[in-house]
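One file, data-v8.cif, is given below (mmCIF, C-alpha atoms).
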```cif
data_query
loop_
_atom_site.group_PDB
_atom_site.id
_atom_site.type_symbol
_atom_site.label_atom_id
_atom_site.label_comp_id
_atom_site.auth_asym_id
_atom_site.auth_seq_id
_atom_site.Cartn_x
_atom_site.Cartn_y
_atom_site.Cartn_z
ATOM 1 C CA MET N 1 193.597 103.349 154.823
ATOM 2 C CA ARG N 2 190.584 101.027 155.031
ATOM 3 C CA THR N 3 187.671 102.025 152.804
ATOM 4 C CA LEU N 4 184.173 100.604 152.569
ATOM 5 C CA ILE N 5 182.251 101.223 149.337
ATOM 6 C CA VAL N 6 178.531 100.486 149.355
ATOM 7 C CA HIS N 7 177.194 100.656 145.809
ATOM 8 C CA ASN N 8 173.811 100.367 144.128
ATOM 9 C CA PRO N 9 174.525 99.138 140.567
ATOM 10 C CA HIS N 10 170.887 99.646 139.571
ATOM 11 C CA SER N 11 170.820 103.398 140.236
ATOM 12 C CA GLY N 12 170.705 105.746 137.271
ATOM 13 C CA PHE N 13 172.122 104.252 134.084
ATOM 14 C CA GLY N 14 174.247 101.647 135.870
ATOM 15 C CA THR N 15 177.544 103.506 135.500
ATOM 16 C CA ASP N 16 180.784 101.800 136.586
ATOM 17 C CA SER N 17 182.539 105.078 137.447
ATOM 18 C CA ILE N 18 182.679 104.016 141.095
ATOM 19 C CA TYR N 19 185.465 101.604 140.122
ATOM 20 C CA GLU N 20 187.409 104.410 138.447
ATOM 21 C CA PHE N 21 187.068 106.269 141.750
ATOM 22 C CA GLU N 22 188.327 103.204 143.619
ATOM 23 C CA ARG N 23 191.453 102.982 141.445
ATOM 24 C CA ALA N 24 192.193 106.675 142.026
ATOM 25 C CA LEU N 25 191.657 106.382 145.779
ATOM 26 C CA LEU N 26 193.772 103.369 146.692
ATOM 27 C CA ARG N 27 197.448 103.453 147.574
ATOM 28 C CA ASP N 28 199.965 100.671 148.326
ATOM 29 C CA GLY N 29 198.870 98.795 151.440
ATOM 30 C CA ASP N 30 195.305 100.150 151.433
ATOM 31 C CA GLU N 31 192.313 97.879 151.858
ATOM 32 C CA CYS N 32 188.991 98.401 150.098
ATOM 33 C CA VAL N 33 185.782 96.413 150.651
ATOM 34 C CA VAL N 34 182.948 96.750 148.102
ATOM 35 C CA ARG N 35 179.425 95.728 149.088
ATOM 36 C CA ILE N 36 176.415 95.803 146.775
ATOM 37 C CA LEU N 37 173.249 97.442 148.066
ATOM 38 C CA THR N 38 169.844 95.847 147.580
ATOM 39 C CA SER N 39 166.251 97.022 147.882
ATOM 40 C CA ASP N 40 165.944 95.341 151.300
ATOM 41 C CA PRO N 41 166.327 97.962 154.087
ATOM 42 C CA GLU N 42 167.421 95.405 156.688
ATOM 43 C CA LYS N 43 170.122 93.936 154.464
ATOM 44 C CA ASP N 44 171.329 97.400 153.453
ATOM 45 C CA ALA N 45 171.636 98.342 157.128
ATOM 46 C CA GLU N 46 173.805 95.247 157.603
ATOM 47 C CA ARG N 47 176.114 96.447 154.810
ATOM 48 C CA VAL N 48 177.262 99.325 157.052
ATOM 49 C CA SER N 49 176.926 97.659 160.448
ATOM 50 C CA ASP N 50 180.733 97.640 160.889
ATOM 51 C CA ALA N 51 181.305 101.096 159.360
ATOM 52 C CA GLU N 52 183.294 102.307 162.381
ATOM 53 C CA SER N 53 186.064 99.841 161.541
ATOM 54 C CA PHE N 54 186.775 101.742 158.282
ATOM 55 C CA ASP N 55 188.514 105.083 157.810
ATOM 56 C CA LEU N 56 186.086 106.059 155.063
ATOM 57 C CA VAL N 57 182.661 104.915 153.880
ATOM 58 C CA VAL N 58 181.735 105.725 150.265
ATOM 59 C CA VAL N 59 178.032 105.626 149.391
ATOM 60 C CA SER N 60 177.364 105.221 145.664
ATOM 61 C CA GLY N 61 173.919 105.499 144.127
ATOM 62 C CA GLY N 62 171.008 107.849 143.558
ATOM 63 C CA ASP N 63 169.544 110.238 146.108
ATOM 64 C CA GLY N 64 167.338 107.595 147.709
ATOM 65 C CA THR N 65 170.156 105.063 148.011
ATOM 66 C CA VAL N 66 172.542 107.594 149.509
ATOM 67 C CA ALA N 67 169.950 108.944 151.957
ATOM 68 C CA HIS N 68 169.124 105.446 153.243
ATOM 69 C CA ALA N 69 172.806 104.727 153.814
ATOM 70 C CA LEU N 70 173.499 108.059 155.522
ATOM 71 C CA TYR N 71 170.502 107.494 157.793
ATOM 72 C CA ASN N 72 172.023 104.170 158.813
ATOM 73 C CA LEU N 73 175.303 105.995 159.521
ATOM 74 C CA ARG N 74 173.738 108.801 161.566
ATOM 75 C CA ASN N 75 175.289 109.720 164.910
ATOM 76 C CA ARG N 76 178.171 107.300 164.387
ATOM 77 C CA ASN N 77 181.885 108.032 164.273
ATOM 78 C CA VAL N 78 182.062 107.643 160.502
ATOM 79 C CA THR N 79 183.214 109.873 157.631
ATOM 80 C CA ALA N 80 181.192 109.355 154.445
ATOM 81 C CA CYS N 81 181.719 110.354 150.826
ATOM 82 C CA VAL N 82 178.643 110.814 148.628
ATOM 83 C CA PHE N 83 179.407 109.380 145.180
ATOM 84 C CA PRO N 84 176.796 110.361 142.540
ATOM 85 C CA SER N 85 175.711 107.466 140.350
ATOM 86 C CA GLY N 86 171.944 107.999 140.150
ATOM 87 C CA THR N 87 169.640 109.821 137.750
ATOM 88 C CA ALA N 88 169.436 113.352 139.149
ATOM 89 C CA ASN N 89 172.108 113.219 141.909
ATOM 90 C CA LEU N 90 170.661 116.315 143.573
ATOM 91 C CA LEU N 91 172.185 115.515 146.965
ATOM 92 C CA ALA N 92 175.688 115.476 145.499
ATOM 93 C CA ALA N 93 174.902 118.729 143.665
ATOM 94 C CA ASN N 94 173.749 120.332 146.911
ATOM 95 C CA ILE N 95 176.968 119.296 148.653
ATOM 96 C CA GLY N 96 178.808 120.837 145.725
ATOM 97 C CA ASN N 97 181.909 118.670 145.388
ATOM 98 C CA ALA N 98 183.526 118.089 142.006
ATOM 99 C CA THR N 99 181.787 115.015 140.587
ATOM 100 C CA GLU N 100 184.645 113.603 138.478
ATOM 101 C CA PRO N 101 185.809 110.312 140.099
ATOM 102 C CA THR N 102 189.497 111.200 140.472
ATOM 103 C CA ALA N 103 188.589 114.607 141.943
ATOM 104 C CA LEU N 104 186.310 112.978 144.505
ATOM 105 C CA ALA N 105 189.072 110.515 145.370
ATOM 106 C CA ALA N 106 191.455 113.443 145.924
ATOM 107 C CA ALA N 107 188.897 115.058 148.251
ATOM 108 C CA CYS N 108 188.682 111.867 150.287
ATOM 109 C CA LEU N 109 192.467 111.717 150.585
ATOM 110 C CA ALA N 110 192.577 115.384 151.654
ATOM 111 C CA GLY N 111 190.334 114.498 154.582
ATOM 112 C CA LYS N 112 188.141 117.605 154.852
ATOM 113 C CA SER N 113 184.504 117.153 155.913
ATOM 114 C CA PHE N 114 181.520 118.882 157.505
ATOM 115 C CA ALA N 115 178.784 117.869 159.944
ATOM 116 C CA ALA N 116 175.491 117.555 158.058
ATOM 117 C CA ASP N 117 171.924 117.455 159.350
ATOM 118 C CA MET N 118 169.329 114.914 158.274
ATOM 119 C CA GLY N 119 165.564 114.792 158.578
ATOM 120 C CA GLU N 120 163.470 111.935 159.906
ATOM 121 C CA MET N 121 159.997 111.254 158.512
ATOM 122 C CA ARG N 122 157.238 109.366 160.343
ATOM 123 C CA TRP N 123 153.866 108.513 158.828
ATOM 124 C CA THR N 124 151.000 106.043 158.885
ATOM 125 C CA ASP N 125 149.666 104.980 155.483
ATOM 126 C CA THR N 126 145.994 104.558 154.668
ATOM 127 C CA LYS N 127 146.256 100.844 155.503
ATOM 128 C CA GLY N 128 147.395 101.615 159.041
ATOM 129 C CA ASN N 129 151.071 100.687 158.536
ATOM 130 C CA GLN N 130 153.604 102.871 160.370
ATOM 131 C CA HIS N 131 156.837 103.970 158.685
ATOM 132 C CA VAL N 132 160.040 105.765 159.688
ATOM 133 C CA GLU N 133 162.632 106.932 157.143
ATOM 134 C CA GLY N 134 165.467 109.402 157.063
ATOM 135 C CA PHE N 135 166.022 111.982 154.333
ATOM 136 C CA ALA N 136 169.078 113.991 153.390
ATOM 137 C CA LEU N 137 167.552 116.204 150.702
ATOM 138 C CA MET N 138 163.756 116.573 150.619
ATOM 139 C CA ALA N 139 160.536 114.700 151.235
ATOM 140 C CA GLY N 140 157.128 115.741 150.050
ATOM 141 C CA THR N 141 153.491 115.007 149.421
ATOM 142 C CA GLY N 142 151.127 115.842 146.604
ATOM 143 C CA PHE N 143 152.311 117.122 143.239
ATOM 144 C CA ASP N 144 156.041 116.397 143.633
ATOM 145 C CA ALA N 145 155.376 112.835 144.838
ATOM 146 C CA GLN N 146 153.022 112.279 141.900
ATOM 147 C CA LEU N 147 155.776 113.429 139.516
ATOM 148 C CA MET N 148 158.272 111.039 141.092
ATOM 149 C CA HIS N 149 155.754 108.210 140.765
ATOM 150 C CA ASP N 150 154.952 108.942 137.112
ATOM 151 C CA ALA N 151 158.639 109.327 136.170
ATOM 152 C CA ILE N 152 159.675 105.868 137.426
ATOM 153 C CA PRO N 153 158.907 103.888 134.215
ATOM 154 C CA ALA N 154 160.937 106.265 131.986
ATOM 155 C CA LYS N 155 163.921 107.074 134.234
ATOM 156 C CA GLN N 156 166.182 104.369 132.814
ATOM 157 C CA ILE N 157 165.541 105.626 129.259
ATOM 158 C CA LEU N 158 165.062 109.387 129.603
ATOM 159 C CA GLY N 159 167.074 110.144 132.745
ATOM 160 C CA GLU N 160 166.177 113.557 134.225
ATOM 161 C CA ALA N 161 163.897 114.264 131.233
ATOM 162 C CA ALA N 162 161.482 111.703 132.703
ATOM 163 C CA TYR N 163 160.538 114.244 135.386
ATOM 164 C CA PHE N 164 159.700 116.898 132.798
ATOM 165 C CA ALA N 165 157.619 114.373 130.875
ATOM 166 C CA ALA N 166 155.746 113.625 134.092
ATOM 167 C CA VAL N 167 154.907 117.333 134.458
ATOM 168 C CA LEU N 168 153.130 117.260 131.081
ATOM 169 C CA ASN N 169 150.963 114.425 132.377
ATOM 170 C CA ASN N 170 149.983 116.412 135.488
ATOM 171 C CA LEU N 171 148.916 119.828 134.198
ATOM 172 C CA LYS N 172 145.934 119.951 136.601
ATOM 173 C CA PRO N 173 147.185 118.406 139.849
ATOM 174 C CA ASP N 174 144.970 117.875 142.887
ATOM 175 C CA VAL N 175 144.685 120.769 145.340
ATOM 176 C CA TYR N 176 144.788 119.861 149.056
ATOM 177 C CA HIS N 177 143.850 121.714 152.210
ATOM 178 C CA LEU N 178 146.888 121.431 154.460
ATOM 179 C CA THR N 179 147.213 121.997 158.183
ATOM 180 C CA ILE N 180 150.894 122.553 158.915
ATOM 181 C CA THR N 181 152.328 122.832 162.425
ATOM 182 C CA VAL N 182 155.891 124.157 162.718
ATOM 183 C CA ASP N 183 157.392 124.063 166.214
ATOM 184 C CA GLY N 184 153.897 124.367 167.694
ATOM 185 C CA GLU N 185 152.619 127.168 165.396
ATOM 186 C CA VAL N 186 149.690 126.173 163.151
ATOM 187 C CA HIS N 187 149.276 127.340 159.536
ATOM 188 C CA GLU N 188 146.464 126.597 157.038
ATOM 189 C CA HIS N 189 147.063 126.503 153.284
ATOM 190 C CA ASP N 190 145.504 125.255 150.043
ATOM 191 C CA GLY N 191 148.066 123.997 147.566
ATOM 192 C CA ILE N 192 149.241 121.208 145.316
ATOM 193 C CA SER N 193 152.256 120.147 147.367
ATOM 194 C CA CYS N 194 153.987 120.397 150.718
ATOM 195 C CA ILE N 195 157.722 119.680 150.808
ATOM 196 C CA ILE N 196 160.053 119.414 153.789
ATOM 197 C CA ALA N 197 163.662 120.230 152.923
ATOM 198 C CA ASN N 198 167.014 119.681 154.577
ATOM 199 C CA THR N 199 168.547 121.410 151.557
ATOM 200 C CA ALA N 200 166.658 122.700 148.537
ATOM 201 C CA MET N 201 168.704 123.258 145.410
ATOM 202 C CA MET N 202 167.299 121.739 142.223
ATOM 203 C CA GLN N 203 168.593 121.343 138.671
ATOM 204 C CA GLY N 204 170.400 124.362 137.256
ATOM 205 C CA ASP N 205 171.684 125.340 140.715
ATOM 206 C CA ILE N 206 168.312 126.967 141.431
ATOM 207 C CA GLU N 207 167.564 127.220 145.129
ATOM 208 C CA ILE N 208 163.833 126.800 145.735
ATOM 209 C CA ILE N 209 164.250 129.000 148.790
ATOM 210 C CA PRO N 210 167.368 130.927 149.839
ATOM 211 C CA ASP N 211 169.747 129.875 152.593
ATOM 212 C CA CYS N 212 168.373 126.358 153.013
ATOM 213 C CA THR N 213 171.488 124.455 154.054
ATOM 214 C CA MET N 214 172.392 121.056 155.451
ATOM 215 C CA ASP N 215 174.195 122.423 158.506
ATOM 216 C CA ASP N 216 171.800 124.970 160.023
ATOM 217 C CA GLY N 217 170.018 122.575 162.412
ATOM 218 C CA MET N 218 166.646 123.365 160.821
ATOM 219 C CA LEU N 219 164.146 121.972 158.325
ATOM 220 C CA ASP N 220 162.387 124.178 155.772
ATOM 221 C CA VAL N 221 158.735 123.753 154.817
ATOM 222 C CA ILE N 222 157.784 124.630 151.232
ATOM 223 C CA VAL N 223 154.119 124.962 150.224
ATOM 224 C CA LEU N 224 153.178 125.333 146.543
ATOM 225 C CA GLU N 225 150.061 127.512 146.736
ATOM 226 C CA THR N 226 148.909 127.002 143.163
ATOM 227 C CA THR N 227 145.965 125.305 141.492
ATOM 228 C CA ASP N 228 147.607 124.190 138.247
ATOM 229 C CA THR N 229 151.036 123.502 136.792
ATOM 230 C CA ALA N 230 151.063 126.643 134.632
ATOM 231 C CA GLN N 231 151.181 128.789 137.768
ATOM 232 C CA LEU N 232 154.602 127.277 138.558
ATOM 233 C CA LEU N 233 156.095 129.075 135.552
ATOM 234 C CA LEU N 234 156.497 132.330 137.497
ATOM 235 C CA PRO N 235 158.497 130.833 140.389
ATOM 236 C CA MET N 236 160.548 128.855 137.860
ATOM 237 C CA LEU N 237 161.299 132.056 135.930
ATOM 238 C CA ALA N 238 162.227 133.786 139.197
ATOM 239 C CA GLY N 239 164.617 130.927 139.896
ATOM 240 C CA ILE N 240 166.278 131.275 136.505
ATOM 241 C CA VAL N 241 166.666 135.054 136.886
ATOM 242 C CA ASP N 242 167.857 134.829 140.509
ATOM 243 C CA PRO N 243 169.051 131.260 141.298
ATOM 244 C CA LYS N 244 169.980 132.069 144.905
ATOM 245 C CA GLY N 245 166.633 133.726 145.646
ATOM 246 C CA LYS N 246 168.237 136.816 147.180
ATOM 247 C CA ASP N 247 166.627 139.529 145.047
ATOM 248 C CA VAL N 248 163.569 138.044 143.307
ATOM 249 C CA LYS N 249 160.778 136.505 145.386
ATOM 250 C CA ARG N 250 159.367 133.087 144.486
ATOM 251 C CA PRO N 251 155.670 133.669 143.636
ATOM 252 C CA SER N 252 153.152 131.090 144.909
ATOM 253 C CA ILE N 253 155.697 129.598 147.319
ATOM 254 C CA VAL N 254 155.148 129.886 151.078
ATOM 255 C CA THR N 255 157.920 128.789 153.432
ATOM 256 C CA TYR N 256 158.510 128.128 157.129
ATOM 257 C CA SER N 257 161.499 126.927 159.108
ATOM 258 C CA GLY N 258 161.648 124.800 162.254
ATOM 259 C CA LYS N 259 162.915 121.709 164.009
ATOM 260 C CA HIS N 260 159.659 119.735 164.136
ATOM 261 C CA VAL N 261 156.913 119.766 161.514
ATOM 262 C CA THR N 262 153.576 117.982 161.203
ATOM 263 C CA VAL N 263 151.331 118.077 158.134
ATOM 264 C CA ALA N 264 147.716 116.908 157.831
ATOM 265 C CA ALA N 265 145.730 116.879 154.570
ATOM 266 C CA ASP N 266 142.008 116.794 153.850
ATOM 267 C CA ARG N 267 142.362 113.621 151.770
ATOM 268 C CA PRO N 268 144.979 110.960 150.921
ATOM 269 C CA MET N 269 148.019 111.929 148.863
ATOM 270 C CA LYS N 270 151.218 110.323 147.624
ATOM 271 C CA LEU N 271 154.496 110.733 149.507
ATOM 272 C CA GLU N 272 158.114 110.646 148.351
ATOM 273 C CA VAL N 273 161.304 110.597 150.415
ATOM 274 C CA ASP N 274 164.456 111.717 148.582
ATOM 275 C CA GLY N 275 162.907 110.686 145.276
ATOM 276 C CA ASP N 276 161.692 107.263 146.412
ATOM 277 C CA VAL N 277 157.887 107.014 146.319
ATOM 278 C CA ALA N 278 156.306 105.360 149.358
ATOM 279 C CA MET N 279 153.817 102.562 148.911
ATOM 280 C CA GLY N 280 150.191 103.583 149.383
ATOM 281 C CA GLU N 281 149.015 107.064 150.349
ATOM 282 C CA VAL N 282 149.030 109.189 153.487
ATOM 283 C CA MET N 283 146.757 111.638 155.274
ATOM 284 C CA GLY N 284 149.688 113.313 157.012
ATOM 285 C CA TRP N 285 153.211 112.981 158.368
ATOM 286 C CA GLU N 286 155.706 114.469 160.781
ATOM 287 C CA ALA N 287 159.347 115.380 160.330
ATOM 288 C CA THR N 288 162.113 116.101 162.816
ATOM 289 C CA VAL N 289 165.630 117.396 162.201
ATOM 290 C CA ILE N 290 168.606 115.289 163.342
ATOM 291 C CA PRO N 291 171.298 117.963 163.683
ATOM 292 C CA SER N 292 174.967 117.403 162.778
ATOM 293 C CA CYS N 293 174.472 113.642 162.586
ATOM 294 C CA CYS N 294 176.596 112.774 159.523
ATOM 295 C CA ARG N 295 180.172 113.713 158.671
ATOM 296 C CA ILE N 296 180.470 114.149 154.886
ATOM 297 C CA VAL N 297 183.582 114.673 152.744
ATOM 298 C CA THR N 298 183.965 118.069 151.065
ATOM 299 C CA ASP N 299 186.418 119.571 148.580
ATOM 300 C CA ALA N 300 187.354 123.188 147.817
ATOM 301 C CA MET N 301 184.357 123.588 145.456
ATOM 302 C CA SER N 302 181.778 122.762 148.125
ATOM 303 C CA ARG N 303 179.744 125.467 149.832
ATOM 304 C CA TYR N 304 180.453 123.524 153.043
ATOM 305 C CA ALA N 305 184.232 123.461 152.666
#
```
What is this structure when it is put down as structure tokens?
Amino acid sequence: MRTLIVHNPHSGFGTDSIYEFERALLRDGDECVVRILTSDPEKDAERVSDAESFDLVVVSGGDGTVAHALYNLRNRNVTACVFPSGTANLLAANIGNATEPTALAAACLAGKSFAADMGEMRWTDTKGNQHVEGFALMAGTGFDAQLMHDAIPAKQILGEAAYFAAVLNNLKPDVYHLTITVDGEVHEHDGISCIIANTAMMQGDIEIIPDCTMDDGMLDVIVLETTDTAQLLLPMLAGIVDPKGKDVKRPSIVTYSGKHVTVAADRPMKLEVDGDVAMGEVMGWEATVIPSCCRIVTDAMSRYA
């Protein structure tokens, strides 16, 4: 078996568990190529330019790193394994595989996988620059992007706690008037954030909205219709009581589902894509689903097995 590992050593706390995974994966006669990812999108795309010549591509890093790599692998005849080595690793948690390196190696050897959707974001920043990026998990504007931005300096020290610290610094977030168009239907809302999700499970296995999966061919829009952070306590409590969102509604959360979404705001706001904060600010953006574009390894623990 020929395996390509693309690894970001700067993600999370710089763990070397990817090499433990490599030792568990390889058998006599196998070939494994390890390439280090950078912060240069063009060079990172080159790292997987020959991915079809490998039996397996392993993407190691945080959510942003993995999403960039999967976007570069979209609609190609490639099987990918998501290896969690970032801070939050929410994408790996949403896939639901066992995270221990030898268990992930066993899943790769077993050869089971599923066809996952991705989203594609397009926006023009306030300086007039146009951008296109793919996302595997979520992208959003407003409050959540501000949290991601404020957490960056402390992530290496505090890990996931950096996000909670950022919440304390944003108790009165800005409220935006949002015009949201979902598959041609227009909706108007006032809220602190608008998130577009390919899958939407957060820490503690809490699903922000129920039945938001990576293989349904749809994107989910999540609007936080609140005016301050304290009002998020009720939906958080609902999530703790009913993680799957089947029985207890999420107060202050409005949702839509569709294949194409555009969002326009009344003033500039920050934007994040799978946890990576975009430079500058935006007045709006559009997102489109790319259905069944990535084949991802699963094990028996995964909801997609």
Can you list, as a compact mmCIF listing (two decimals) with C-alpha atoms, in the coordinates of the input, the residues that the PyMOL selection byres ((chain N and resi 21) around 9) selects here?
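Once written, expr-v5.txt looks like this:
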```txt
# COMPACT_ATOMS: atom_id res chain seq x y z
CA SER N 17 182.54 105.08 137.45
CA ILE N 18 182.68 104.02 141.10
CA TYR N 19 185.46 101.60 140.12
CA GLU N 20 187.41 104.41 138.45
CA GLU N 22 188.33 103.20 143.62
CA ARG N 23 191.45 102.98 141.44
CA ALA N 24 192.19 106.68 142.03
CA LEU N 25 191.66 106.38 145.78
CA LEU N 26 193.77 103.37 146.69
CA PHE N 83 179.41 109.38 145.18
CA GLU N 100 184.64 113.60 138.48
CA PRO N 101 185.81 110.31 140.10
CA THR N 102 189.50 111.20 140.47
CA ALA N 103 188.59 114.61 141.94
CA LEU N 104 186.31 112.98 144.50
CA ALA N 105 189.07 110.52 145.37
```
- Message: To test your reading of the syntax: which residues would the PyMOL selection byres ((chain N and resi 183-191) around 9) return for the file shown? Reply as a VMD selection string.
- Response: chain N and resid 142 174 to 182 192 to 194 223 to 227 257 to 262
- Query: Residues picked by the PyMOL selection byres ((chain N and resi 214) around 7) here, as a ChimeraX atom specification?
  - Reply: /N:116-117,198-199,213,215-216
- Query: With all atoms listed in the file as the atoms that count, which of N:Ala92, N:Ala139, N:Ala145, N:Cys294 lies nearest to Lys270 (chain N)?
  - Reply: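 Distance minimum relative to Lys270 (chain N) lands on N:Ala145.
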- Between CA of Cys32 (chain N) and CA of Ala110 (chain N) - distance in Å to one decimal: 17.4 Å
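Of the listed residues (N:Lys172, N:Val254, N:Gly62, N:Cys293), N:Val254 comes nearest to Ile209 (chain N); the distances count only C-alpha atoms.
Computed from the coordinates, the CA of Ser113 (chain N) to CA of Ala80 (chain N) distance equals 8.6 Å.
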Once 5 Å is added on each side, what centre and edge lengths in Å to one decimal does the axis-aligned box around all listed atoms of region 285-296 of chain N have, as AutoDock Vina command-line options?
```
--center_x 166.8 --center_y 115.4 --center_z 159.3 --size_x 37.3 --size_y 15.2 --size_z 18.8
```
- Message: Using only C-alpha atoms, can you tell me which of N:Asn94, N:Asn8, N:Ser85, N:Ser53 comes closest to Ala69 (chain N)?
- Response: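 With only C-alpha atoms as the atom set, the closest residue is N:Asn8.
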- Residue nearest Leu91 (chain N) among N:Pro41, N:Gly128, N:Gly275, N:Gly280 (counting all atoms listed in the file):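 For Leu91 (chain N), the nearest of the given residues is N:Gly275.
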- Task: Name the residues, using the chain letters and numbers of the file, that sit within 12 Å of (150.3, 101.4, 156.5) when counting only C-alpha atoms, and give them as an MDAnalysis selection string.
- Result: chainID N and resid 122:132 278:284
- With distances taken over all atoms listed in the file, which of N:Met202, N:Ile196, N:Val78, N:Ile253 is nearest to Trp285 (chain N)?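 For Trp285 (chain N), the nearest of the candidates is N:Ile196.
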- Do you have the CA of Gly86 (chain N)-CA of Glu46 (chain N) distance handy? 21.7 Å
- Query: N:Asn77, N:Ser11, N:Thr87, N:Asn97: which is nearest Arg295 (chain N), counting only C-alpha atoms?
  - Reply: N:Asn77
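Taking only C-alpha atoms into account, those protein, DNA and RNA residues with any atom at most 12 Å away from (185.5, 103.8, 160.2) amount to Met1, Arg2, Thr3, Leu4, Ile5, Cys32, Val48, Ser49, Asp50, Ala51, Glu52, Ser53, Phe54, Asp55, Leu56, Val57, Val58, Leu73, Arg76, Asn77, Val78, Thr79, Ala80 and Arg295 of chain N.
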- Message: List as a list in words the protein and nucleic acid residues near Ile195 (chain N), meaning an atom at most 8 Å away when all atoms listed in the file are counted, but skip any in the same chain fewer than 3 places from it.
- Response: Met138, Ala139, Gly140, Thr141, Val221, Ile222 and Val223 of chain N
- Message: For Asp299 (chain N), find every residue with an atom within 7 Å (counting all atoms listed in the file), except residues of its own chain fewer than 4 positions away, and show them as a PyMOL selection string.
- Response: chain N and resi 97+107+112+305
